[in-house]
Structure formats: structure tokens, C-alpha cells
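**Student:** Provided herewith: run-v3.cif, mmCIF, C-alpha atoms.
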data_query
loop_
_atom_site.label_atom_id
_atom_site.label_comp_id
_atom_site.auth_asym_id
_atom_site.auth_seq_id
_atom_site.Cartn_x
_atom_site.Cartn_y
_atom_site.Cartn_z
CA MET B 50 62.21 134.20 103.25
CA ASN B 51 64.95 135.55 100.99
CA ARG B 52 68.42 134.35 102.07
CA ASP B 53 69.86 137.89 101.83
CA VAL B 54 67.26 139.13 104.27
CA LEU B 55 67.96 136.20 106.61
CA VAL B 56 71.67 137.02 106.65
CA LYS B 57 70.90 140.64 107.52
CA LEU B 58 68.59 139.44 110.28
CA ASN B 59 71.48 137.36 111.64
CA TYR B 60 73.71 140.44 111.82
CA LEU B 61 70.87 142.37 113.44
CA LEU B 62 70.38 139.64 116.04
CA VAL B 63 74.07 139.67 116.98
CA ALA B 64 74.01 143.48 117.25
CA ILE B 65 70.87 143.32 119.44
CA LEU B 66 72.50 140.73 121.72
CA LEU B 67 75.62 142.84 122.04
CA VAL B 68 73.81 146.14 122.67
CA GLY B 69 71.15 144.48 124.86
CA ALA B 70 73.72 142.78 127.08
CA SER B 71 75.72 146.02 127.36
CA LEU B 72 72.59 147.98 128.34
CA VAL B 73 71.61 145.44 131.01
CA ILE B 74 75.16 145.55 132.42
CA ARG B 75 75.00 149.33 132.47
CA HIS B 76 71.61 149.66 134.13
CA ALA B 77 70.98 146.49 136.18
CA GLU B 78 72.00 146.29 139.84
CA ASN B 79 75.73 145.67 139.94
CA PRO B 80 76.85 143.17 142.65
CA GLU B 81 79.74 145.50 143.43
CA ARG B 82 77.30 148.27 144.39
CA LEU B 83 74.75 145.94 145.97
CA ILE B 84 77.22 144.47 148.44
CA GLN B 85 78.26 147.83 149.89
CA GLY B 86 76.93 148.45 153.40
CA GLU B 87 76.54 146.53 156.64
CA TRP B 88 75.47 142.89 156.72
CA ILE B 89 74.64 140.76 159.73
CA GLU B 90 75.35 137.03 159.80
CA LYS B 91 72.09 135.21 160.20
CA GLU B 92 72.90 131.62 159.53
CA TRP B 93 75.71 129.15 158.95
CA ARG B 94 74.74 125.96 157.20
CA LEU B 95 77.04 123.04 156.64
CA GLU B 96 76.40 120.92 153.59
CA LYS B 97 78.23 117.67 153.95
CA ASP B 98 77.20 114.21 152.81
CA ASN B 99 78.22 111.96 155.66
CA ALA B 100 77.59 113.91 158.89
CA THR B 101 74.89 113.21 161.44
CA VAL B 102 72.83 116.05 162.91
CA VAL B 103 74.76 115.97 166.22
CA GLU B 104 78.12 115.83 164.43
CA GLU B 105 77.06 118.76 162.27
CA SER B 106 76.25 121.10 165.14
CA GLN B 107 79.50 120.27 166.91
CA MET B 108 81.48 120.64 163.75
CA GLN B 109 79.79 123.88 162.79
CA SER B 110 81.22 126.01 165.59
CA GLU B 111 84.71 124.51 165.20
CA LEU B 112 84.71 125.00 161.45
CA LYS B 113 83.42 128.54 161.79
CA ARG B 114 86.31 129.35 164.08
CA GLU B 115 88.84 127.69 161.81
CA ILE B 116 87.54 129.26 158.62
CA LEU B 117 87.29 132.72 160.11
CA ARG B 118 90.75 132.55 161.66
CA ASN B 119 92.03 134.67 158.80
CA VAL B 120 89.24 137.18 159.09
CA GLU B 121 89.11 137.77 162.79
CA GLU B 122 87.49 141.17 162.43
CA LEU B 123 84.36 139.44 161.24
CA HIS B 124 84.01 137.19 164.27
CA LEU B 125 81.29 139.38 165.75
CA GLY B 126 79.12 138.52 162.78
CA ILE B 127 78.91 141.97 161.21
CA TRP B 128 80.43 142.39 157.76
CA LYS B 129 80.84 146.01 156.70
CA PHE B 130 81.69 146.41 153.01
CA GLU B 131 83.02 149.94 152.59
CA GLU B 132 82.84 151.83 149.30
CA ASP B 133 86.65 152.19 149.23
CA GLY B 134 87.02 148.40 149.06
CA SER B 135 87.82 147.70 152.69
CA LEU B 136 85.98 145.16 154.79
CA THR B 137 85.58 145.83 158.50
CA SER B 138 83.47 144.83 161.42
CA ALA B 139 81.43 147.39 163.39
CA SER B 140 83.81 147.01 166.32
CA SER B 141 86.96 146.58 164.28
CA THR B 142 90.10 148.38 165.31
CA GLN B 143 92.19 147.39 162.29
CA ASN B 144 90.55 149.42 159.53
CA ASP B 145 91.62 148.75 155.94
CA ALA B 146 93.22 145.47 156.98
CA ILE B 147 91.01 143.40 154.70
CA GLU B 148 90.14 144.37 151.14
CA TRP B 149 87.15 142.96 149.25
CA PHE B 150 86.82 142.44 145.49
CA ILE B 151 84.04 141.10 143.31
CA LYS B 152 85.39 138.91 140.52
CA GLY B 153 84.23 136.72 137.64
CA ARG B 154 80.80 137.64 136.34
CA GLY B 155 80.02 139.10 139.75
CA HIS B 156 79.77 135.67 141.38
CA VAL B 157 82.97 135.60 143.45
CA LEU B 158 83.80 137.59 146.58
CA GLU B 159 87.53 137.69 147.14
CA LEU B 160 89.03 138.84 150.45
CA ARG B 161 92.66 139.95 150.55
CA ARG B 162 95.06 141.12 153.21
CA GLU B 163 98.22 142.93 152.13
CA GLY B 164 97.56 141.91 148.53
CA LYS B 165 97.31 138.20 149.32
CA THR B 166 94.06 136.29 148.92
CA ILE B 167 92.86 135.00 152.28
CA GLU B 168 89.48 133.64 151.21
CA SER B 169 87.18 133.55 148.20
CA PHE B 170 83.45 132.90 148.45
CA GLN B 171 80.92 132.04 145.75
CA ILE B 172 78.11 134.59 145.81
CA GLN B 173 75.10 132.30 145.61
CA GLN B 174 72.51 135.04 146.00
CA ILE B 175 72.71 138.80 146.30
CA SER B 176 69.85 141.23 146.62
CA LYS B 177 69.21 144.49 148.47
CA THR B 178 68.28 142.56 151.61
CA LYS B 179 70.03 139.18 151.47
CA LEU B 180 73.49 137.89 150.73
CA VAL B 181 74.22 134.16 150.55
CA LEU B 182 77.83 133.06 150.33
CA HIS B 183 79.16 129.61 149.65
CA LEU B 184 82.56 128.50 150.77
CA ASN B 185 84.24 125.33 149.59
CA PHE B 186 86.32 124.00 152.44
CA ASP B 187 88.68 121.12 152.81
CA LEU B 188 89.56 121.14 156.50
CA GLN B 189 88.69 118.09 158.63
CA VAL B 190 86.10 117.16 156.01
CA LYS B 191 85.21 118.23 152.47
CA GLY B 192 82.04 120.20 151.96
CA ILE B 193 80.32 123.52 151.44
CA ILE B 194 79.44 126.10 154.05
CA GLU B 195 76.55 128.42 153.35
CA ILE B 196 76.69 131.79 155.09
CA VAL B 197 73.48 133.79 155.07
CA LEU B 198 73.74 137.51 155.74
CA GLU B 199 71.02 140.12 155.99
CA ARG B 200 71.38 143.84 155.42
CA LYS B 201 71.67 145.65 158.75
CA GLU B 202 68.93 148.22 158.12
CA GLN B 203 66.55 145.40 157.22
CA SER B 204 67.44 143.57 160.41
CA ASP B 205 67.02 146.71 162.54
CA GLN B 206 63.61 147.43 161.03
CA TYR B 207 62.48 143.89 161.82
CA ALA B 208 63.75 144.21 165.40
CA LYS B 209 61.84 147.47 165.85
CA LYS B 210 58.68 145.88 164.49
CA ILE B 211 58.69 143.05 167.01
CA MET Z 286 101.74 126.39 109.56
CA LEU Z 287 99.48 129.24 108.45
CA ARG Z 288 99.92 129.75 104.73
CA LYS Z 289 98.25 126.52 103.56
CA TYR Z 290 94.51 126.06 103.43
CA SER Z 291 92.06 123.19 103.86
CA ASN Z 292 93.12 119.94 102.12
CA HIS Z 293 96.50 121.39 101.09
CA ARG Z 294 97.57 121.28 104.73
CA THR Z 295 99.81 118.43 105.84
CA GLN Z 296 99.51 116.48 109.07
CA SER Z 297 102.64 118.26 110.30
CA ASP Z 298 101.07 121.70 109.59
CA ASN Z 299 97.99 120.78 111.61
CA VAL Z 300 99.93 119.27 114.52
CA LYS Z 301 102.20 122.33 114.79
CA LEU Z 302 99.30 124.78 114.59
CA GLY Z 303 97.05 122.74 116.87
CA ALA Z 304 99.69 122.12 119.54
CA LEU Z 305 100.96 125.71 119.71
CA THR Z 306 97.53 127.36 119.70
CA ALA Z 307 96.16 124.83 122.23
CA PHE Z 308 99.16 125.47 124.49
CA SER Z 309 98.54 129.23 124.38
CA ALA Z 310 94.78 128.73 124.95
CA GLY Z 311 95.47 126.51 127.97
CA MET Z 312 97.81 129.13 129.41
CA VAL Z 313 95.34 131.99 128.90
CA ASN Z 314 92.49 129.96 130.36
CA VAL Z 315 94.26 129.09 133.60
CA ALA Z 316 95.79 132.57 133.99
CA SER Z 317 92.33 134.06 133.53
CA VAL Z 318 90.80 131.78 136.18
CA THR Z 319 93.61 132.73 138.56
CA VAL Z 320 93.31 136.48 138.01
CA PHE Z 321 89.63 136.95 137.17
CA PHE Z 322 87.91 133.79 138.45
CA ALA Z 323 86.49 133.31 134.95
CA PHE Z 324 87.24 130.77 132.23
CA THR Z 325 88.02 132.02 128.75
CA SER Z 326 87.62 128.95 126.61
CA ASN Z 327 84.68 126.87 127.76
CA ILE Z 328 81.76 128.30 125.88
CA THR Z 329 79.66 125.17 126.51
CA GLY Z 330 79.91 125.87 130.23
CA TYR Z 331 78.91 129.50 129.70
CA TYR Z 332 75.71 128.50 127.89
CA ALA Z 333 74.77 126.46 130.96
CA VAL Z 334 75.75 129.33 133.28
CA LEU Z 335 73.71 131.78 131.17
CA ALA Z 336 70.60 129.62 131.54
CA GLN Z 337 71.28 129.18 135.26
CA GLU Z 338 71.73 132.91 135.94
CA ILE Z 339 68.59 133.82 133.99
CA SER Z 340 66.55 131.15 135.78
CA LYS Z 341 67.76 132.57 139.13
CA GLY Z 342 66.76 136.07 138.03
CA ASN Z 343 70.37 137.31 138.10
CA TRP Z 344 70.01 139.58 135.06
CA TYR Z 345 73.30 141.36 135.54
CA GLN Z 346 75.38 138.15 135.70
CA GLY Z 347 73.34 136.68 132.82
CA ALA Z 348 74.04 139.76 130.68
CA VAL Z 349 77.77 139.54 131.44
CA VAL Z 350 77.85 135.91 130.28
CA LEU Z 351 75.81 136.76 127.18
CA LEU Z 352 78.25 139.56 126.35
CA TRP Z 353 81.23 137.18 126.73
CA VAL Z 354 79.63 134.51 124.52
CA THR Z 355 78.80 137.17 121.90
CA LEU Z 356 82.40 138.42 121.97
CA PHE Z 357 83.67 134.88 121.39
CA PHE Z 358 81.21 134.65 118.48
CA LEU Z 359 82.46 137.98 117.10
CA GLY Z 360 86.07 136.78 117.34
CA SER Z 361 85.31 133.64 115.33
CA PHE Z 362 83.22 135.65 112.87
CA LEU Z 363 85.98 138.21 112.35
CA SER Z 364 88.59 135.49 111.89
CA ASN Z 365 86.75 133.76 109.06
CA PHE Z 366 85.59 137.10 107.62
CA VAL Z 367 89.22 138.24 107.22
CA ILE Z 368 90.18 134.90 105.65
CA ILE Z 369 87.40 134.80 103.04
CA GLN Z 370 87.38 138.52 102.30
CA GLY Z 371 91.17 138.59 102.04
CA LYS Z 372 91.19 136.06 99.22
CA GLY Z 373 92.49 137.79 96.10
CA ARG Z 374 93.18 141.04 97.96
CA TRP Z 375 96.33 139.95 99.70
CA SER Z 376 98.30 136.73 100.12
CA GLN Z 377 96.76 133.72 101.87
CA TYR Z 378 99.49 133.85 104.49
CA ILE Z 379 98.64 137.46 105.37
CA SER Z 380 94.91 136.61 105.61
CA HIS Z 381 95.69 133.78 107.99
CA ALA Z 382 98.21 135.78 110.02
CA ILE Z 383 95.86 138.77 110.64
CA PRO Z 384 93.60 136.86 113.12
CA VAL Z 385 96.71 135.67 115.01
CA ILE Z 386 98.00 139.25 115.19
CA LEU Z 387 94.58 140.49 116.39
CA GLU Z 388 94.56 137.74 119.02
CA LEU Z 389 98.06 138.73 120.08
CA LEU Z 390 96.99 142.39 120.39
CA SER Z 391 93.95 141.45 122.52
CA ILE Z 392 96.07 139.38 124.92
CA LEU Z 393 98.80 142.03 124.97
CA PHE Z 394 96.16 144.64 125.86
CA VAL Z 395 95.07 142.47 128.81
CA GLY Z 396 98.68 141.97 129.96
CA ILE Z 397 99.54 145.69 129.76
CA TYR Z 398 96.27 146.76 131.40
CA LEU Z 399 96.81 144.32 134.28
CA GLU Z 400 100.37 145.56 134.71
CA PHE Z 401 99.73 149.30 134.76
CA PHE Z 402 96.05 150.18 135.19
CA TYR Z 403 94.07 147.38 136.86
CA GLN Z 404 92.14 148.49 139.95
CA ASN Z 405 90.43 145.13 140.55
CA SER Z 406 86.98 146.51 139.76
CA LEU Z 407 84.24 144.27 138.42
CA LYS Z 408 83.80 146.39 135.29
CA GLU Z 409 87.47 146.03 134.39
CA THR Z 410 87.30 142.28 135.05
CA GLU Z 411 84.33 141.93 132.70
CA ILE Z 412 86.04 143.90 129.91
CA LEU Z 413 89.35 142.05 130.23
CA VAL Z 414 87.69 138.61 130.30
CA GLY Z 415 85.68 139.77 127.27
CA ALA Z 416 88.91 140.68 125.47
CA LEU Z 417 90.35 137.23 126.23
CA LEU Z 418 87.18 135.48 125.02
CA PHE Z 419 87.31 137.57 121.85
CA ALA Z 420 90.94 136.44 121.40
CA MET Z 421 89.99 132.79 121.93
CA GLY Z 422 87.16 133.19 119.42
CA LEU Z 423 89.65 134.59 116.89
CA GLN Z 424 91.97 131.65 117.48
CA ASN Z 425 89.32 128.95 117.31
CA GLY Z 426 87.79 130.56 114.22
CA LEU Z 427 91.15 130.67 112.48
CA THR Z 428 92.28 127.13 113.25
CA ALA Z 429 88.89 125.59 112.43
CA SER Z 430 88.54 127.65 109.26
CA ILE Z 431 91.93 127.00 107.66
CA SER Z 432 92.07 123.32 108.62
CA ASN Z 433 88.58 122.45 107.41
CA SER Z 434 87.42 122.06 111.04
CA VAL Z 435 90.10 119.44 111.72
CA VAL Z 436 91.88 121.64 114.29
CA LYS Z 437 89.77 123.14 117.07
CA THR Z 438 91.97 124.24 119.90
CA THR Z 439 89.58 125.26 122.65
CA HIS Z 440 86.79 122.82 121.87
CA LEU Z 441 87.78 120.13 124.33
CA THR Z 442 84.30 118.58 124.64
CA GLY Z 443 84.27 117.75 120.93
CA LEU Z 444 87.91 116.74 121.02
CA THR Z 445 87.42 114.31 123.91
CA THR Z 446 84.41 112.81 122.11
CA ASP Z 447 86.42 112.39 118.88
CA LEU Z 448 89.32 110.85 120.78
CA ALA Z 449 87.00 108.39 122.51
CA ILE Z 450 85.44 107.45 119.16
CA LEU Z 451 88.89 106.91 117.63
CA VAL Z 452 90.07 104.78 120.55
CA SER Z 453 86.99 102.62 120.18
CA MET Z 454 87.60 102.44 116.40
CA PHE Z 455 91.06 101.06 117.13
CA SER Z 456 89.44 98.07 118.78
CA LYS Z 457 89.15 96.78 115.19
CA ARG Z 458 92.48 95.60 113.81
CA GLU Z 459 92.03 97.08 110.30
CA ASN Z 460 91.47 100.55 111.75
CA ARG Z 461 94.79 100.46 113.57
CA HIS Z 462 96.51 100.45 110.17
CA ASN Z 463 94.31 103.16 108.70
CA LYS Z 464 96.71 106.11 108.26
CA ALA Z 465 93.98 108.75 108.22
CA LEU Z 466 92.58 107.55 111.55
CA VAL Z 467 96.02 107.22 113.15
CA ASP Z 468 96.96 110.73 111.97
CA LYS Z 469 93.76 112.14 113.38
CA PHE Z 470 94.42 110.39 116.69
CA HIS Z 471 97.93 111.88 116.86
CA LEU Z 472 96.59 115.33 116.06
CA LEU Z 473 93.83 115.23 118.67
CA LEU Z 474 96.14 113.76 121.29
CA SER Z 475 98.76 116.46 120.68
CA ILE Z 476 96.10 119.19 120.96
CA MET Z 477 94.74 117.74 124.19
CA MET Z 478 98.17 117.30 125.76
CA SER Z 479 99.28 120.76 124.68
CA TYR Z 480 96.15 122.30 126.17
CA VAL Z 481 96.75 120.56 129.50
CA ALA Z 482 100.48 121.40 129.39
CA GLY Z 483 99.61 125.04 128.62
CA GLY Z 484 97.21 125.07 131.56
CA LEU Z 485 99.86 123.66 133.91
CA PHE Z 486 102.42 126.10 132.59
CA GLY Z 487 99.94 128.98 132.96
CA GLY Z 488 99.15 128.01 136.55
CA VAL Z 489 102.72 127.49 137.68
CA GLY Z 490 104.03 130.32 135.47
CA TYR Z 491 101.62 132.77 137.07
CA LEU Z 492 103.20 132.14 140.47
CA TYR Z 493 106.59 133.27 139.15
CA LEU Z 494 105.82 135.56 136.20
CA GLN Z 495 102.45 137.03 137.25
CA ASN Z 496 101.14 139.03 134.29
CA GLY Z 497 104.20 137.95 132.32
CA VAL Z 498 102.19 134.81 131.47
CA PHE Z 499 100.16 136.93 129.07
CA TYR Z 500 103.33 138.29 127.43
CA LEU Z 501 104.63 134.73 127.08
CA THR Z 502 101.40 133.77 125.31
CA CYS Z 503 101.97 136.72 122.96
CA ALA Z 504 105.48 135.40 122.24
CA ILE Z 505 104.02 131.98 121.29
CA LEU Z 506 101.49 133.66 119.02
CA LEU Z 507 104.26 135.70 117.45
CA ILE Z 508 106.11 132.45 116.66
CA ILE Z 509 102.92 131.09 115.02
CA ALA Z 510 102.47 134.27 112.98
CA LEU Z 511 106.11 134.59 111.89
CA TYR Z 512 107.00 130.91 111.40
CA ASP Z 513 105.83 130.84 107.78
CA PHE Z 514 107.41 134.25 107.15
CA TYR Z 515 110.75 132.72 108.17
CA LYS Z 516 110.01 129.58 106.15
CA ILE Z 517 109.02 131.49 103.01
CA GLY Z 518 112.20 133.60 103.32
CA ARG Z 519 114.30 130.44 103.71
CA ILE Z 520 112.70 128.79 100.68
CA ARG Z 521 113.24 131.99 98.68
CA ARG Z 522 116.93 132.10 99.68
CA ILE Z 523 117.42 128.40 98.75
CA PHE Z 524 115.64 128.98 95.45
CA GLU Z 525 117.83 132.00 94.59
CA ARG Z 526 121.01 130.14 95.53
CA ARG Z 527 120.04 127.20 93.30
CA LYS Z 528 119.11 129.59 90.50
CA LYS Z 529 122.56 131.18 90.75
CA GLU Z 530 124.21 127.74 90.76
CA VAL Z 531 122.29 126.75 87.63
CA LEU Z 532 123.27 130.02 85.92
CA VAL Z 533 126.93 129.45 86.82
CA GLN Z 534 126.76 125.91 85.40
CA VAL Z 535 125.14 127.19 82.16
CA HIS Z 536 127.83 129.84 81.65
#
Could the structure of this file be written out as C-alpha cells, please?

**Tutor:**
Amino acid sequence: MNRDVLVKLNYLLVAILLVGASLVIRHAENPERLIQGEWIEKEWRLEKDNATVVEESQMQSELKREILRNVEELHLGIWKFEEDGSLTSASSTQNDAIEWFIKGRGHVLELRREGKTIESFQIQQISKTKLVLHLNFDLQVKGIIEIVLERKEQSDQYAKKI
Amino acid sequence: MLRKYSNHRTQSDNVKLGALTAFSAGMVNVASVTVFFAFTSNITGYYAVLAQEISKGNWYQGAVVLLWVTLFFLGSFLSNFVIIQGKGRWSQYISHAIPVILELLSILFVGIYLEFFYQNSLKETEILVGALLFAMGLQNGLTASISNSVVKTTHLTGLTTDLAILVSMFSKRENRHNKALVDKFHLLLSIMMSYVAGGLFGGVGYLYLQNGVFYLTCAILLIIALYDFYKIGRIRRIFERRKKEVLVQVH
């Protein structure tokens, strides 16, 4: 093919990439919108190399308590992401105490209180029904905690079914 | 630092340009990770992330990464475009200074936006990280272009590889006395150390200066852009003084 045509095709390709990416960003489901609503904690999984099964279960509840010390409102296991950027629990009395932000390419959930970061989670998976968060911790041991949350409506529907 | 091109550049020109631009890139990168949780100078990593996000079916995140990589590409493209199209239209120094000024404006835009308008939304984060990647593309394009690809300030994978190759070359006695190899080693080492120092400065500086880190980066870029302007002026003044002295001696 003629070199002049190839060069023009190069420019066209770059333009397509730019416009295509912008269109997907504009129309695809935005993690910031997807996360809004009520989520119920379904599972806590500890991923650590050198722990036995018994150790893991004992450690899990202690770690959960320690990690969530900063976010006491979420202890009941219900995470309510409000549209105005506040994070509350269904039974919370301290509204607006915690703020949530989605950062990076939409892969980081940052929680702040009074402007200071209290925790940041890696969003491993986010869909209309499921939210999987990873948390790197370095408390008694190094490792990753996986928190699986399910959208409340989804959970309620399942409960009604059974 | 900026006005010379390709083989006309001295080792000192390349070390100064490489060290200062790498320092600013390191600062921007760490400040960006702190504020936005996103790197602004590891394109290799973003190619891997792009593939990962697409394979997981995360189209939105994949598109964001694709947009960032394309903006870096556009920055490098624009940098070299200005340099080659500017030849004959304006001075070489101006052609080389324009990408630095554009980079400065991009980073200044991010600093000002963070200071006065930032609402912490994802859309803003994506645009601001995009602006920083565009700035890094401009910088990498400029340094690689004018130094004949000798100076690459954000390309640490290649730099580490080259350094490792050079260190292994020095296992042979004759190579240790090869000036070209030793010069290259000094250049790469100064770029690497400046990048790390910039990163440290960016991380610690952010604790005290907050968004001021971006303004500080702009100040470094301003030094890079105006250094030759000062030097040309100084040479001109020395030349005129000598010319006067010669005229006085003749009369």
C-alpha cells in the first residue's frame, strides 16, 4: 500500500482510539454510579500464605474488628453509598461522617473522615449485583482481605424466593 | 540544555536535561499516585492493565486506560511534530522549548484545578490524570527526540536494562576505559537517581506543600525552558563586550 495512505490510516487509527475510548467512558456503566445504593456484606475471605484453616477462622474475626475500627458504622455489615458521597450504615446515627470516593481508573474506593483518608480498597469486581473489595493489610500478618458485598435489593429478592 | 540537537549535544547537556526532567517526572508520578491513585509515567504497566481490564470485561476501566495511553502517545507525537515542523520557521531553541512550555501548562492546569475546583469525582480524576500523562508524553517525546533517543526520562524499564547491560560490559577491563560507555553509564545513573529523588521529594513534599508540588514541578520546567535563554543572553553580552574591547584596541 502507498506510504501516504498508510500514514493517513495511522492518524485515523489514533483518532478512532481517542473517540472510541471517550464514547465508552461516556456510555459504559461508571463505577461511581454503579456503587451507589445499599450493599450487604456476604463474605470475608483472608488470603494469606502461611495460615492454617483453624488459624484463619480465628484471625478473621479479630482482623475484621481491627480493620473496621475506623469505620464503626459499617460493623452491622450494611454499606450504604449515598449519591451525595456519604457512606452510612442502615442503622447509623452519624450521617455524613464517612465520605466515599472512587479514584484511579475507577479501581480504588477511598473512605475519608473529616478530609483524612481512613481506608482505601481495591475494587476487584463491580457489577449491578456484586461488589468485591480487596484490602491490603499489614496488621499482625501481611495479606489481602477480600470483602464480598451483594446489592440489598438482590439479597431481599433471594430471601423472598426461598 | 535545549538548543542543541542530536549529535551536537554534549554529555553535560544530556545529563542536565535528563536529570532535571527525570526529577520532575518522578515528582509528578508520586504526587499523582498520592492524589489520584494512578501512575503517570509507567506506560508499560498500563498496557498490562488494559489487557487485564478487557479480559475481565471491565470496559469502562479499559477505556479509561486506553484514553490515558493515547494521550501519552499524543503528547510524544506533538512534541516531535513541533520540533520537526518548527525547523526553518523559528529557532531550534524555540522549537525545543515549546513542548516544555506545553508540559508546564498541562501540569499548571492540574495544580490550579486541584486547588480551586476539584470535587473528587471520578470524571475529574480521569481528566487530570490524562493531562499529566499528556505532559509526560510531551516530556519523553522531547528528550528522546532532541537527544537521538539517548535521554528517556520516564522509560525506567529500558533504562534499568541499559544500566544492567553497561554494568556487565564493565566486567571487561577495556570497557571500563571506554569513554562513550562510561559517559552513558553516568547519564543513565543520573537519570535513575534523579527520578527516584524526584519521587521521594514528591511524596514527602506533598505532605507539606499539597498541590504546591505541582507548582514546584512547573518551576523546574521553567528553569529547563529558560536556562538556554539565560545562557544565550550571557554569551551575547560577553560577545558584545569583547567586540567593544577589540574596537577600542583598534582605535

**Student:** I need the chain B residues near chain Z as a VMD selection string; criterion: at most 12 Å, counting only C-alpha atoms.

**Tutor:** chain B and resid 59 to 60 62 to 83 132 to 134 148 to 161 164 166 169 to 176

**Student:** For the selection you just gave me, I'd like the residues written to a file as a tab-separated table (two decimals), keeping the file's coordinate frame, keeping C-alpha atoms.

**Tutor:**
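Okay, result_36.tsv is ready:
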chain	number	residue	atom	x	y	z
B	59	ASN	CA	71.48	137.36	111.64
B	60	TYR	CA	73.71	140.44	111.82
B	62	LEU	CA	70.38	139.64	116.04
B	63	VAL	CA	74.07	139.67	116.98
B	64	ALA	CA	74.01	143.48	117.25
B	65	ILE	CA	70.87	143.32	119.44
B	66	LEU	CA	72.50	140.73	121.72
B	67	LEU	CA	75.62	142.84	122.04
B	68	VAL	CA	73.81	146.14	122.67
B	69	GLY	CA	71.15	144.48	124.86
B	70	ALA	CA	73.72	142.78	127.08
B	71	SER	CA	75.72	146.02	127.36
B	72	LEU	CA	72.59	147.98	128.34
B	73	VAL	CA	71.61	145.44	131.01
B	74	ILE	CA	75.16	145.55	132.42
B	75	ARG	CA	75.00	149.33	132.47
B	76	HIS	CA	71.61	149.66	134.13
B	77	ALA	CA	70.98	146.49	136.18
B	78	GLU	CA	72.00	146.29	139.84
B	79	ASN	CA	75.73	145.67	139.94
B	80	PRO	CA	76.85	143.17	142.65
B	81	GLU	CA	79.74	145.50	143.43
B	82	ARG	CA	77.30	148.27	144.39
B	83	LEU	CA	74.75	145.94	145.97
B	132	GLU	CA	82.84	151.83	149.30
B	133	ASP	CA	86.65	152.19	149.23
B	134	GLY	CA	87.02	148.40	149.06
B	148	GLU	CA	90.14	144.37	151.14
B	149	TRP	CA	87.15	142.96	149.25
B	150	PHE	CA	86.82	142.44	145.49
B	151	ILE	CA	84.04	141.10	143.31
B	152	LYS	CA	85.39	138.91	140.52
B	153	GLY	CA	84.23	136.72	137.64
B	154	ARG	CA	80.80	137.64	136.34
B	155	GLY	CA	80.02	139.10	139.75
B	156	HIS	CA	79.77	135.67	141.38
B	157	VAL	CA	82.97	135.60	143.45
B	158	LEU	CA	83.80	137.59	146.58
B	159	GLU	CA	87.53	137.69	147.14
B	160	LEU	CA	89.03	138.84	150.45
B	161	ARG	CA	92.66	139.95	150.55
B	164	GLY	CA	97.56	141.91	148.53
B	166	THR	CA	94.06	136.29	148.92
B	169	SER	CA	87.18	133.55	148.20
B	170	PHE	CA	83.45	132.90	148.45
B	171	GLN	CA	80.92	132.04	145.75
B	172	ILE	CA	78.11	134.59	145.81
B	173	GLN	CA	75.10	132.30	145.61
B	174	GLN	CA	72.51	135.04	146.00
B	175	ILE	CA	72.71	138.80	146.30
B	176	SER	CA	69.85	141.23	146.62

**Student:** I want to know what sits within 12 Å of Z:Thr446, based on only C-alpha atoms, with residues of the same chain fewer than 4 positions away left out; could you give that as a PDB file with C-alpha atoms, in the frame of the given file?

**Tutor:**
ATOM      1  CA  HIS Z 440      86.790 122.820 121.870  1.00  0.00           C
ATOM      2  CA  LEU Z 441      87.780 120.130 124.330  1.00  0.00           C
ATOM      3  CA  THR Z 442      84.300 118.580 124.640  1.00  0.00           C
ATOM      4  CA  ILE Z 450      85.440 107.450 119.160  1.00  0.00           C
ATOM      5  CA  LEU Z 451      88.890 106.910 117.630  1.00  0.00           C
ATOM      6  CA  VAL Z 452      90.070 104.780 120.550  1.00  0.00           C
ATOM      7  CA  SER Z 453      86.990 102.620 120.180  1.00  0.00           C
ATOM      8  CA  PHE Z 470      94.420 110.390 116.690  1.00  0.00           C
ATOM      9  CA  LEU Z 473      93.830 115.230 118.670  1.00  0.00           C
ATOM     10  CA  LEU Z 474      96.140 113.760 121.290  1.00  0.00           C
ATOM     11  CA  MET Z 477      94.740 117.740 124.190  1.00  0.00           C
TER      12      MET Z 477
END

**Student:** What gap, in Å, lies between atom CA of Z:Gly311 and atom CA of Z:Val481?

**Tutor:**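 Distance reported for this atom pair: 6.3 Å.
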
**Student:** Kindly give the distance, in Å, that separates atom CA of Z:Ile509 and atom CA of Z:Lys289, rounded to a single decimal.

**Tutor:** 13.2 Å

**Student:** Would you kindly translate the PyMOL selection byres ((chain Z and resi 512-525) around 12) into the concrete residues it picks from this file, as a VMD selection string?

**Tutor:** chain Z and resid 286 to 289 298 301 to 302 305 376 to 379 381 to 382 385 504 to 511 526 to 532

**Student:** Since I can't run it myself right now, could you work out what the PyMOL selection byres ((chain Z and resi 488) around 12) selects here and report it as a compact mmCIF listing (two decimals) with C-alpha atoms, in the coordinates of the input?

**Tutor:**
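Writing the result to result-v1.txt gives the following:
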# COMPACT_ATOMS: atom_id res chain seq x y z
CA GLY Z 311 95.47 126.51 127.97
CA MET Z 312 97.81 129.13 129.41
CA VAL Z 313 95.34 131.99 128.90
CA ASN Z 314 92.49 129.96 130.36
CA VAL Z 315 94.26 129.09 133.60
CA ALA Z 316 95.79 132.57 133.99
CA SER Z 317 92.33 134.06 133.53
CA VAL Z 318 90.80 131.78 136.18
CA THR Z 319 93.61 132.73 138.56
CA VAL Z 320 93.31 136.48 138.01
CA VAL Z 481 96.75 120.56 129.50
CA ALA Z 482 100.48 121.40 129.39
CA GLY Z 483 99.61 125.04 128.62
CA GLY Z 484 97.21 125.07 131.56
CA LEU Z 485 99.86 123.66 133.91
CA PHE Z 486 102.42 126.10 132.59
CA GLY Z 487 99.94 128.98 132.96
CA VAL Z 489 102.72 127.49 137.68
CA GLY Z 490 104.03 130.32 135.47
CA TYR Z 491 101.62 132.77 137.07
CA LEU Z 492 103.20 132.14 140.47
CA TYR Z 493 106.59 133.27 139.15
CA LEU Z 494 105.82 135.56 136.20
CA GLN Z 495 102.45 137.03 137.25
CA ASN Z 496 101.14 139.03 134.29
CA GLY Z 497 104.20 137.95 132.32
CA VAL Z 498 102.19 134.81 131.47
CA PHE Z 499 100.16 136.93 129.07

**Student:** Between atom CA of Z:Ile431 and atom CA of Z:Ile386, what is the spacing in Å?

**Tutor:**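 Between atom CA of Z:Ile386 and atom CA of Z:Ile431 the gap works out to 15.6 Å.
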
**Student:** Could you state which residues are captured by the PyMOL selection byres ((chain B and resi 130) around 9) in this file, as a PyMOL selection string?

**Tutor:** chain B and resi 84-88+128-129+131-138+148-149
